[in-house]
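Student: Sharing input-v7.cif below, mmCIF, C-alpha atoms and all ligand atoms:
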data_upload
#
loop_
_atom_site.label_atom_id
_atom_site.label_comp_id
_atom_site.auth_asym_id
_atom_site.auth_seq_id
_atom_site.Cartn_x
_atom_site.Cartn_y
_atom_site.Cartn_z
CA MET F 7 -1.01 -4.45 26.44
CA SER F 8 -4.62 -3.36 26.13
CA GLY F 9 -6.37 -6.71 26.70
CA ALA F 10 -9.62 -5.73 24.99
CA CYS F 11 -11.70 -8.02 22.79
CA PHE F 12 -12.74 -7.10 19.26
CA LEU F 13 -14.82 -8.52 16.43
CA VAL F 14 -13.31 -7.87 12.99
CA THR F 15 -15.52 -8.67 10.01
CA GLY F 16 -13.50 -9.09 6.83
CA GLY F 17 -10.46 -9.66 9.03
CA ALA F 18 -9.07 -12.15 6.49
CA GLY F 19 -9.10 -9.45 3.80
CA TYR F 20 -6.50 -6.88 2.84
CA VAL F 21 -7.06 -3.95 5.20
CA GLY F 22 -8.83 -6.00 7.88
CA SER F 23 -5.95 -8.44 8.28
CA HIS F 24 -3.53 -5.57 8.87
CA LEU F 25 -5.77 -4.29 11.66
CA VAL F 26 -5.90 -7.79 13.16
CA GLN F 27 -2.08 -7.87 13.28
CA ALA F 28 -2.02 -4.47 14.98
CA LEU F 29 -4.62 -5.48 17.59
CA LEU F 30 -2.84 -8.75 18.39
CA ALA F 31 0.43 -6.84 18.78
CA ARG F 32 -1.28 -4.75 21.50
CA GLY F 33 -2.33 -7.90 23.34
CA ASP F 34 -5.99 -7.68 22.35
CA GLN F 35 -8.22 -10.69 21.71
CA VAL F 36 -9.59 -10.84 18.19
CA VAL F 37 -12.41 -12.78 16.58
CA VAL F 38 -12.38 -12.60 12.77
CA PHE F 39 -15.73 -13.08 11.04
CA ASP F 40 -15.18 -13.70 7.34
CA ASP F 41 -16.86 -15.80 4.67
CA LEU F 42 -13.50 -16.20 2.83
CA ARG F 43 -15.03 -15.25 -0.52
CA GLN F 44 -12.31 -12.60 -0.83
CA GLY F 45 -10.33 -13.14 2.34
CA HIS F 46 -7.62 -15.71 2.95
CA ARG F 47 -7.42 -18.17 5.79
CA ALA F 48 -3.64 -17.77 5.72
CA ALA F 49 -3.99 -14.03 6.41
CA VAL F 50 -5.41 -14.74 9.88
CA PRO F 51 -2.79 -15.50 12.53
CA SER F 52 -3.42 -18.48 14.80
CA GLU F 53 -3.75 -16.17 17.84
CA ALA F 54 -7.02 -14.87 16.38
CA GLU F 55 -10.19 -16.97 16.29
CA LEU F 56 -11.60 -17.33 12.77
CA VAL F 57 -15.35 -17.76 12.26
CA VAL F 58 -16.09 -18.65 8.64
CA ALA F 59 -19.62 -17.44 8.00
CA SER F 60 -21.68 -14.92 6.11
CA LEU F 61 -22.97 -11.75 7.73
CA SER F 62 -26.40 -12.66 6.39
CA ASP F 63 -26.38 -15.57 8.87
CA ARG F 64 -28.08 -13.85 11.80
CA ALA F 65 -28.05 -16.95 13.98
CA ARG F 66 -24.27 -17.37 13.62
CA LEU F 67 -23.75 -13.68 14.34
CA ALA F 68 -25.91 -13.88 17.46
CA GLU F 69 -23.92 -16.93 18.63
CA VAL F 70 -20.64 -15.05 18.20
CA PHE F 71 -21.93 -12.03 20.09
CA ALA F 72 -23.22 -14.33 22.86
CA SER F 73 -19.82 -16.05 23.16
CA ARG F 74 -18.01 -13.02 24.63
CA ARG F 75 -18.33 -9.34 25.29
CA PHE F 76 -16.80 -7.28 22.47
CA ASP F 77 -15.36 -3.85 23.22
CA ALA F 78 -15.99 -2.83 19.61
CA VAL F 79 -16.78 -4.09 16.15
CA PHE F 80 -14.56 -3.27 13.17
CA HIS F 81 -16.51 -3.80 9.97
CA PHE F 82 -14.52 -4.41 6.77
CA ALA F 83 -16.46 -7.20 5.06
CA ALA F 84 -18.12 -5.82 1.92
CA LEU F 85 -18.31 -5.98 -1.82
CA SER F 86 -15.77 -3.36 -2.85
CA LEU F 87 -15.12 -3.28 -6.60
CA VAL F 88 -16.21 0.00 -8.15
CA GLY F 89 -16.40 -1.41 -11.70
CA GLU F 90 -18.36 -4.49 -10.64
CA SER F 91 -20.75 -2.27 -8.69
CA MET F 92 -21.70 -0.52 -11.94
CA ARG F 93 -22.64 -3.87 -13.50
CA GLU F 94 -24.50 -5.12 -10.41
CA PRO F 95 -25.64 -1.97 -8.57
CA LEU F 96 -28.55 -3.58 -6.79
CA ARG F 97 -26.48 -6.47 -5.44
CA TYR F 98 -23.96 -3.97 -4.08
CA CYS F 99 -26.57 -1.77 -2.45
CA VAL F 100 -28.62 -4.64 -1.04
CA GLU F 101 -25.73 -6.75 0.20
CA ASN F 102 -23.53 -4.03 1.66
CA LEU F 103 -26.42 -2.28 3.38
CA SER F 104 -28.18 -5.37 4.62
CA ASN F 105 -25.03 -7.11 5.94
CA SER F 106 -23.78 -3.96 7.64
CA LEU F 107 -27.05 -3.17 9.36
CA THR F 108 -27.61 -6.79 10.36
CA LEU F 109 -24.22 -6.57 12.05
CA ALA F 110 -25.06 -3.23 13.69
CA GLU F 111 -28.33 -4.70 14.94
CA ALA F 112 -26.55 -7.69 16.43
CA ALA F 113 -24.07 -5.36 18.14
CA VAL F 114 -26.88 -3.27 19.61
CA GLN F 115 -28.72 -6.36 20.83
CA ALA F 116 -25.56 -7.63 22.50
CA GLY F 117 -24.93 -4.29 24.20
CA CYS F 118 -21.81 -3.51 22.17
CA ARG F 119 -21.77 0.24 21.63
CA ARG F 120 -18.74 0.95 19.44
CA PHE F 121 -18.57 0.35 15.69
CA VAL F 122 -15.84 1.32 13.24
CA LEU F 123 -16.80 1.25 9.56
CA SER F 124 -14.47 0.80 6.63
CA SER F 125 -15.86 3.54 4.37
CA THR F 126 -14.47 5.06 1.21
CA ALA F 127 -13.43 8.15 -0.72
CA ALA F 128 -15.83 6.87 -3.38
CA LEU F 129 -18.48 8.77 -1.37
CA PHE F 130 -17.17 11.98 -2.91
CA GLY F 131 -17.58 11.00 -6.56
CA PHE F 132 -16.08 13.75 -8.71
CA PRO F 133 -15.07 16.28 -6.02
CA LYS F 134 -15.19 20.00 -6.73
CA HIS F 135 -12.20 20.84 -4.50
CA THR F 136 -9.02 19.17 -3.40
CA PRO F 137 -7.80 18.22 -0.83
CA ILE F 138 -11.10 16.71 0.27
CA ASP F 139 -12.11 17.32 3.85
CA GLU F 140 -15.11 16.01 5.79
CA ALA F 141 -17.20 19.05 4.81
CA ALA F 142 -16.92 18.23 1.09
CA GLU F 143 -20.14 17.41 -0.70
CA VAL F 144 -21.01 13.72 -0.62
CA ALA F 145 -22.12 12.62 -4.10
CA PRO F 146 -21.12 9.05 -4.98
CA ALA F 147 -20.44 8.31 -8.64
CA SER F 148 -20.76 4.54 -8.25
CA ALA F 149 -23.13 2.05 -6.66
CA TYR F 150 -20.23 0.97 -4.44
CA GLY F 151 -19.87 4.51 -3.06
CA GLU F 152 -23.64 4.80 -2.71
CA SER F 153 -23.82 1.54 -0.77
CA LYS F 154 -21.26 2.80 1.77
CA LEU F 155 -23.11 6.10 2.08
CA MET F 156 -26.30 4.19 2.87
CA VAL F 157 -24.45 2.24 5.55
CA GLU F 158 -23.15 5.49 7.06
CA ARG F 159 -26.72 6.81 7.14
CA GLY F 160 -28.00 3.65 8.80
CA LEU F 161 -25.30 3.95 11.45
CA HIS F 162 -26.33 7.55 12.07
CA TRP F 163 -29.80 6.32 13.04
CA ALA F 164 -28.41 3.46 15.09
CA ASP F 165 -26.62 6.12 17.14
CA GLN F 166 -29.65 8.43 17.36
CA VAL F 167 -31.99 5.70 18.53
CA HIS F 168 -29.80 3.02 20.13
CA GLY F 169 -26.67 4.92 21.16
CA LEU F 170 -24.39 2.86 18.89
CA ARG F 171 -21.35 5.08 18.45
CA SER F 172 -19.71 4.76 15.08
CA ALA F 173 -16.58 6.01 13.35
CA CYS F 174 -16.79 6.04 9.56
CA LEU F 175 -13.31 6.06 8.03
CA ARG F 176 -13.29 7.12 4.41
CA TYR F 177 -10.15 5.58 3.01
CA PHE F 178 -8.42 6.97 0.01
CA ASN F 179 -6.10 4.48 -1.78
CA ALA F 180 -5.11 1.74 0.64
CA ALA F 181 -1.72 0.37 -0.41
CA GLY F 182 1.46 -1.33 0.79
CA ALA F 183 1.93 -4.38 2.97
CA ASP F 184 2.86 -5.37 6.50
CA PRO F 185 6.42 -4.01 7.01
CA ALA F 186 7.28 -7.35 8.69
CA GLY F 187 6.26 -9.16 5.48
CA ARG F 188 3.68 -11.50 7.09
CA ILE F 189 0.68 -10.38 5.03
CA GLY F 190 -0.02 -8.28 1.97
CA GLU F 191 -2.45 -7.49 -0.83
CA ASP F 192 -3.96 -10.46 -2.66
CA HIS F 193 -7.16 -9.69 -4.56
CA GLU F 194 -8.70 -11.82 -7.27
CA PRO F 195 -9.39 -10.16 -9.60
CA GLU F 196 -6.76 -7.49 -8.89
CA THR F 197 -7.73 -4.03 -10.15
CA HIS F 198 -5.41 -1.76 -8.13
CA LEU F 199 -2.53 0.13 -9.63
CA ILE F 200 0.36 -0.72 -7.29
CA PRO F 201 0.00 -4.55 -7.28
CA LEU F 202 -0.61 -4.52 -11.03
CA ALA F 203 2.49 -2.40 -11.67
CA ILE F 204 4.62 -4.58 -9.38
CA GLY F 205 3.24 -7.75 -10.98
CA ALA F 206 4.12 -6.38 -14.43
CA ALA F 207 7.68 -5.67 -13.29
CA LEU F 208 8.03 -9.10 -11.69
CA GLY F 209 6.58 -10.78 -14.77
CA THR F 210 3.78 -12.40 -12.75
CA ARG F 211 1.16 -10.21 -14.44
CA PRO F 212 0.76 -8.80 -17.94
CA PRO F 213 2.10 -5.36 -18.86
CA LEU F 214 0.23 -2.53 -17.16
CA THR F 215 -2.18 -0.33 -19.09
CA VAL F 216 -2.18 3.30 -17.97
CA PHE F 217 -5.80 4.44 -18.08
CA GLY F 218 -5.78 7.89 -19.69
CA THR F 219 -3.00 10.38 -20.36
CA ASP F 220 -5.14 13.42 -21.07
CA TYR F 221 -6.26 14.36 -17.57
CA PRO F 222 -5.80 17.98 -16.42
CA THR F 223 -2.82 17.04 -14.23
CA PRO F 224 0.89 17.93 -14.70
CA ASP F 225 1.75 14.67 -16.51
CA GLY F 226 -1.74 13.89 -17.82
CA THR F 227 -2.32 10.82 -15.61
CA CYS F 228 -4.65 10.53 -12.59
CA ILE F 229 -3.48 11.60 -9.17
CA ARG F 230 -4.35 9.56 -6.07
CA ASP F 231 -3.60 9.66 -2.35
CA TYR F 232 -1.95 6.37 -1.35
CA VAL F 233 -2.15 5.52 2.33
CA HIS F 234 -0.24 2.62 3.86
CA VAL F 235 -2.40 -0.19 5.30
CA ALA F 236 -0.43 -0.15 8.55
CA ASP F 237 -1.24 3.55 8.93
CA LEU F 238 -4.87 2.79 8.12
CA ALA F 239 -4.86 0.14 10.85
CA ASP F 240 -3.44 2.67 13.27
CA ALA F 241 -6.25 5.11 12.40
CA HIS F 242 -8.83 2.46 13.36
CA ILE F 243 -7.27 1.97 16.77
CA ARG F 244 -6.98 5.69 17.43
CA VAL F 245 -10.63 6.46 16.63
CA LEU F 246 -11.76 3.98 19.28
CA GLU F 247 -10.89 6.43 22.03
CA ARG F 248 -12.33 9.29 20.04
CA LEU F 249 -15.69 7.47 20.10
CA GLU F 250 -16.02 8.36 23.79
CA ALA F 251 -16.86 11.87 22.57
CA GLY F 252 -19.51 10.61 20.12
CA SER F 253 -19.85 9.30 16.58
CA CYS F 254 -17.45 10.70 14.01
CA ARG F 255 -16.31 10.42 10.41
CA TYR F 256 -12.87 11.02 9.03
CA ASN F 257 -11.10 11.07 5.69
CA VAL F 258 -7.96 8.95 5.82
CA GLY F 259 -5.17 9.66 3.38
CA SER F 260 -1.59 10.82 3.47
CA GLY F 261 -2.53 14.24 2.07
CA THR F 262 -0.09 13.90 -0.83
CA GLY F 263 -1.08 12.97 -4.35
CA TYR F 264 0.94 10.91 -6.82
CA SER F 265 0.22 10.39 -10.50
CA VAL F 266 0.05 7.00 -12.20
CA LYS F 267 3.36 7.81 -13.90
CA GLN F 268 4.96 8.65 -10.54
CA VAL F 269 3.77 5.30 -9.17
CA ILE F 270 5.37 3.51 -12.12
CA GLU F 271 8.63 5.42 -11.54
CA SER F 272 8.56 4.50 -7.86
CA VAL F 273 8.07 0.80 -8.64
CA GLU F 274 10.97 0.95 -11.11
CA ARG F 275 13.17 2.70 -8.52
CA ILE F 276 12.38 0.28 -5.71
CA GLY F 277 12.31 -2.88 -7.82
CA GLY F 278 15.33 -1.96 -9.92
CA ARG F 279 13.66 -3.09 -13.12
CA PRO F 280 11.27 -1.60 -15.68
CA VAL F 281 7.48 -1.78 -15.43
CA PRO F 282 6.35 -2.95 -18.87
CA HIS F 283 3.40 -0.70 -19.72
CA GLY F 284 1.29 0.80 -22.44
CA PHE F 285 -1.31 3.53 -22.65
CA GLY F 286 -5.05 3.14 -23.01
CA PRO F 287 -8.19 5.26 -22.79
CA ARG F 288 -9.59 6.64 -19.57
CA ARG F 289 -11.38 4.20 -17.26
CA ALA F 290 -15.01 5.19 -16.76
CA GLY F 291 -15.69 6.87 -13.43
CA ASP F 292 -12.10 7.89 -12.61
CA PRO F 293 -11.82 11.45 -11.24
CA ALA F 294 -8.60 13.27 -12.23
CA VAL F 295 -7.45 14.01 -8.69
CA LEU F 296 -8.40 12.47 -5.33
CA VAL F 297 -6.39 13.72 -2.38
CA ALA F 298 -7.56 13.69 1.23
CA SER F 299 -7.32 16.29 3.89
CA SER F 300 -6.85 14.22 7.05
CA GLU F 301 -6.43 17.30 9.23
CA ALA F 302 -9.44 16.43 11.38
CA LEU F 303 -8.12 12.93 12.11
CA ARG F 304 -4.67 14.29 12.91
CA ARG F 305 -6.09 16.98 15.19
CA ASP F 306 -8.56 14.77 17.06
CA THR F 307 -6.51 11.58 17.42
CA GLY F 308 -2.86 12.52 16.91
CA TRP F 309 -2.71 10.21 13.88
CA SER F 310 -0.09 10.80 11.25
CA PRO F 311 1.15 8.43 8.57
CA ARG F 312 4.45 6.78 9.48
CA LEU F 313 4.85 5.25 6.03
CA GLY F 314 3.52 8.22 4.10
CA ALA F 315 6.12 8.42 1.36
CA LEU F 316 5.22 6.63 -1.86
CA ASP F 317 8.57 4.80 -1.96
CA ASP F 318 7.95 3.42 1.57
CA ILE F 319 4.55 2.14 0.48
CA VAL F 320 5.91 0.61 -2.70
CA ARG F 321 8.91 -0.92 -0.86
CA THR F 322 6.67 -2.91 1.51
CA ALA F 323 4.35 -3.92 -1.34
CA TRP F 324 7.29 -4.98 -3.51
CA ALA F 325 8.74 -7.13 -0.71
CA TRP F 326 5.40 -8.93 -0.25
CA HIS F 327 4.77 -9.58 -3.95
CA ALA F 328 8.37 -10.63 -4.63
CA ALA F 329 8.21 -13.14 -1.76
CA HIS F 330 4.64 -14.28 -2.59
CA PRO F 331 4.25 -14.27 -6.37
CA ARG F 332 1.02 -16.25 -6.03
CA GLY F 333 -0.29 -14.31 -3.05
CA PHE F 334 -1.43 -16.45 -0.15
CA ASP F 335 -1.17 -19.55 -2.38
CA ASP F 336 -4.48 -20.86 -1.14
CA ARG F 337 -6.69 -20.13 -4.12
CA ARG F 338 -4.78 -19.96 -7.32
CA PRO F 339 -3.58 -23.03 -9.17
CA ASN F 340 0.15 -23.34 -9.79
N1 LIG I 1 -4.91 2.61 -13.02
C1 LIG I 1 -4.30 2.43 -14.24
N2 LIG I 1 -4.16 1.16 -14.71
C2 LIG I 1 -4.60 0.07 -14.01
C3 LIG I 1 -5.22 0.26 -12.77
C4 LIG I 1 -5.36 1.56 -12.29
O1 LIG I 1 -3.90 3.38 -14.90
O2 LIG I 1 -4.47 -1.07 -14.52
C5 LIG I 1 -5.08 3.98 -12.51
C6 LIG I 1 -6.54 4.34 -12.31
O3 LIG I 1 -7.08 4.86 -13.48
C7 LIG I 1 -6.42 5.37 -11.19
C8 LIG I 1 -5.19 4.94 -10.40
O4 LIG I 1 -4.47 4.05 -11.26
O5 LIG I 1 -6.15 6.62 -11.74
C9 LIG I 1 -5.54 4.20 -9.13
O6 LIG I 1 -6.46 3.18 -9.46
P1 LIG I 1 -6.88 2.04 -8.43
O7 LIG I 1 -7.80 1.13 -9.16
O8 LIG I 1 -5.66 1.47 -7.79
O9 LIG I 1 -7.65 2.83 -7.30
P2 LIG I 1 -8.92 3.81 -7.41
O10 LIG I 1 -8.41 5.19 -7.16
O11 LIG I 1 -9.68 3.61 -8.64
O12 LIG I 1 -9.83 3.23 -6.26
C10 LIG I 1 -9.66 3.55 -4.91
C11 LIG I 1 -10.15 2.38 -4.06
C12 LIG I 1 -11.63 2.19 -4.22
C13 LIG I 1 -12.34 3.49 -3.94
C14 LIG I 1 -11.80 4.57 -4.83
C15 LIG I 1 -12.41 5.88 -4.50
O13 LIG I 1 -9.47 1.19 -4.44
O14 LIG I 1 -12.09 1.20 -3.31
O15 LIG I 1 -10.39 4.70 -4.64
O16 LIG I 1 -12.45 6.67 -5.62
F1 LIG I 1 -13.65 3.36 -4.17
#
How would this structure read if it were set down as structure tokens?
Tutor:
Amino acid sequence: MSGACFLVTGGAGYVGSHLVQALLARGDQVVVFDDLRQGHRAAVPSEAELVVASLSDRARLAEVFASRRFDAVFHFAALSLVGESMREPLRYCVENLSNSLTLAEAAVQAGCRRFVLSSTAALFGFPKHTPIDEAAEVAPASAYGESKLMVERGLHWADQVHGLRSACLRYFNAAGADPAGRIGEDHEPETHLIPLAIGAALGTRPPLTVFGTDYPTPDGTCIRDYVHVADLADAHIRVLERLEAGSCRYNVGSGTGYSVKQVIESVERIGGRPVPHGFGPRRAGDPAVLVASSEALRRDTGWSPRLGALDDIVRTAWAWHAAHPRGFDDRRPN
């Protein structure tokens, strides 16, 4: 039992809610701050307090910070669709930067000195080398990636001037679901490969389109590094202690890449039925291969993925989607 108290923005969302479960399991107190535009009320367990508000509401934020002393802030709430960010780049940059720095400011004013940011591999754009370590050139290829880079830069200055220590975790492909089956992935719209492939197999979604078969990879489809959300949650908890030594940034992935075709095969293996699919052109902005080197995180915090194998990830995701064909049931009509 750790008995600490944490603020989790976006704690009703996909990755955030898995961290909330992990913190509660340690005996921590958790306040979730979420506007429920993307998050789900049902994803927040009753042991956590849920504040439904926008991060642009400074007064509400100040009230929450005044209500208790937080040991750290975990910041997940953000606009996070790469494609949408290329249609509305200014909204992404303005909203993600402004909300994040408003939150950082409130933390500083309240004397909270630890901040963990949900960042992204999208910072690396089209990387020149793989696996991608923290020394790789940062060159976002989308407004979404750019917005997270701007937040990282803002946090750098919050540390320099105010001593706000931050850990920026650049996730690769978050995937899977709570192994206990309580929560899982429920985005609307859904754009991610694994839930779309599972939905196609279950018949709850249309057949999958594979975006591009002419990439310079062994089977011609894109390769990604899928990391289980429970392992991601564990990384967040581990970097807290690391913050004692100063601000840090880590790439978080399993270190193994799987192609789109391999993901389809895994879903068929685990689900025991075919994934109806067809083939389409490349999706704009997709690099051929994105695989993380998480050596620094492993070395500094002892982290290693416990559900690193693709079949383990798909098994937990399949169980969630099969049991919850309409996700959390709180938004979609029957
Ligand atoms: N894919 C398909 N068909 C689909 C959906 C996806 O073939 O219907 C392919 C994509 O082209 C890609 C792979 O499956 O090659 C994975 O796509 P996802 O959309 O699941 O994930 P991305 O790799 O595009 O995105 C992830 C995160 C983003 C982050 C990005 C960094 O979800 O938040 O990595 O590059 F920004």
Student: List as a PyMOL selection string the protein and nucleic acid residues lying within 8 Å of ligand LIG 1 (chain I), with all atoms listed in the file counted.
Tutor: chain F and resi 86-88+126-131+150-151+177-180+197-200+202-203+214-218+227-230+265-266+288-289+292-294+296
Student: Find the spatial neighbours of F:Ala325, counting all atoms listed in the file, within a cut-off of 10 Å - ignore same-chain residues fewer than 5 positions away - and output them as an NGL selection string.
Tutor: :F and (182-187 or 190 or 204 or 276-277 or 320 or 330)
Student: In Å, rounded to a single decimal, give me how far atom CA of F:Val114 is from atom CA of F:Asp165.
Tutor: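 Taking atom CA of F:Asp165 as the start and atom CA of F:Val114 as the end point, the length is 9.7 Å.
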Student: With only C-alpha atoms as the basis for distance, which of F:Leu303, F:Leu313, F:Val70, F:Ile189 is at the shortest distance from F:Val21?
Tutor: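 Closest candidate: F:Ile189.
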Student: List the neighbours of F:Pro282 out to 8 Å using only C-alpha atoms; skip same-chain residues closer than 2 positions along the sequence, and give me the result as a short mmCIF file (atom, residue, chain, number, x, y, z; two decimals) with C-alpha atoms, in the coordinates of the input.
Tutor:
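Below is the file around15.cif, written as the result:
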data_model
loop_
_atom_site.label_atom_id
_atom_site.label_comp_id
_atom_site.auth_asym_id
_atom_site.auth_seq_id
_atom_site.Cartn_x
_atom_site.Cartn_y
_atom_site.Cartn_z
CA ALA F 206 4.12 -6.38 -14.43
CA ALA F 207 7.68 -5.67 -13.29
CA PRO F 213 2.10 -5.36 -18.86
CA LEU F 214 0.23 -2.53 -17.16
CA PRO F 280 11.27 -1.60 -15.68
CA GLY F 284 1.29 0.80 -22.44
#
Student: Between F:Glu143, F:Asp231, F:Glu101, F:Glu158, which has the minimum distance to F:Val269 (counting all atoms listed in the file)?
Tutor: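 Result for the nearest residue to F:Val269: F:Asp231.
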Student: Between F:Glu247, F:Asp34, F:Glu196, F:Asp77, single out the one closest to F:Gly89, counting all atoms listed in the file.
Tutor: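 Once distances to F:Gly89 are computed over all atoms listed in the file, the minimum belongs to F:Glu196.
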Student: Could you work out how far atom CA of F:Cys254 lies from atom CA of F:Arg159, giving the answer in Å with one decimal?
Tutor: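 The value is 12.2 Å.
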Student: Rounded to one decimal in Å, what is the spacing between atom CA of F:Leu25 and atom CA of F:Arg66?
Tutor: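 Here the two named atoms are 22.7 Å from each other.
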Student: For F:Ala48, which residue among F:Ser272, F:Arg188, F:Gly16, F:Ile243 is the nearest when counting all atoms listed in the file?
Tutor: F:Arg188
Student: When you look at F:Phe76 with a cut-off of 12 Å (counting only C-alpha atoms), what residues show up, excluding the ones that are within fewer than 2 positions of it in the same chain? I need them as a PDB file with C-alpha atoms, keeping the file's coordinate frame.
Tutor:
ATOM      1  CA  GLY F   9      -6.370  -6.710  26.700  1.00  0.00           C
ATOM      2  CA  ALA F  10      -9.620  -5.730  24.990  1.00  0.00           C
ATOM      3  CA  CYS F  11     -11.700  -8.020  22.790  1.00  0.00           C
ATOM      4  CA  PHE F  12     -12.740  -7.100  19.260  1.00  0.00           C
ATOM      5  CA  LEU F  13     -14.820  -8.520  16.430  1.00  0.00           C
ATOM      6  CA  VAL F  14     -13.310  -7.870  12.990  1.00  0.00           C
ATOM      7  CA  ASP F  34      -5.990  -7.680  22.350  1.00  0.00           C
ATOM      8  CA  GLN F  35      -8.220 -10.690  21.710  1.00  0.00           C
ATOM      9  CA  VAL F  36      -9.590 -10.840  18.190  1.00  0.00           C
ATOM     10  CA  VAL F  37     -12.410 -12.780  16.580  1.00  0.00           C
ATOM     11  CA  VAL F  38     -12.380 -12.600  12.770  1.00  0.00           C
ATOM     12  CA  VAL F  70     -20.640 -15.050  18.200  1.00  0.00           C
ATOM     13  CA  PHE F  71     -21.930 -12.030  20.090  1.00  0.00           C
ATOM     14  CA  ALA F  72     -23.220 -14.330  22.860  1.00  0.00           C
ATOM     15  CA  SER F  73     -19.820 -16.050  23.160  1.00  0.00           C
ATOM     16  CA  ARG F  74     -18.010 -13.020  24.630  1.00  0.00           C
ATOM     17  CA  ALA F  78     -15.990  -2.830  19.610  1.00  0.00           C
ATOM     18  CA  VAL F  79     -16.780  -4.090  16.150  1.00  0.00           C
ATOM     19  CA  PHE F  80     -14.560  -3.270  13.170  1.00  0.00           C
ATOM     20  CA  ALA F 112     -26.550  -7.690  16.430  1.00  0.00           C
ATOM     21  CA  ALA F 113     -24.070  -5.360  18.140  1.00  0.00           C
ATOM     22  CA  VAL F 114     -26.880  -3.270  19.610  1.00  0.00           C
ATOM     23  CA  ALA F 116     -25.560  -7.630  22.500  1.00  0.00           C
ATOM     24  CA  GLY F 117     -24.930  -4.290  24.200  1.00  0.00           C
ATOM     25  CA  CYS F 118     -21.810  -3.510  22.170  1.00  0.00           C
ATOM     26  CA  ARG F 119     -21.770   0.240  21.630  1.00  0.00           C
ATOM     27  CA  ARG F 120     -18.740   0.950  19.440  1.00  0.00           C
ATOM     28  CA  PHE F 121     -18.570   0.350  15.690  1.00  0.00           C
TER      29      PHE F 121
END
Student: Could you check the closest approach to F:Gly291 for each of F:Ala236, F:Ala147, F:Ile270, F:Leu96 and tell me which residue wins, using all atoms listed in the file?
Tutor: F:Ala147
Student: Which is closer to F:Gly205 than all the others in F:Leu29, F:Ala323, F:Ala84, F:Leu123, using all atoms listed in the file?
Tutor: F:Ala323
Student: For F:Ala239, please output as JSON, numbers by chain all residues within 10 Å (counting only C-alpha atoms; exclusion window: fewer than 2 positions along the same chain).
Tutor: {"F": [21, 22, 23, 24, 25, 26, 27, 28, 29, 234, 235, 236, 237, 241, 242, 243, 244]}
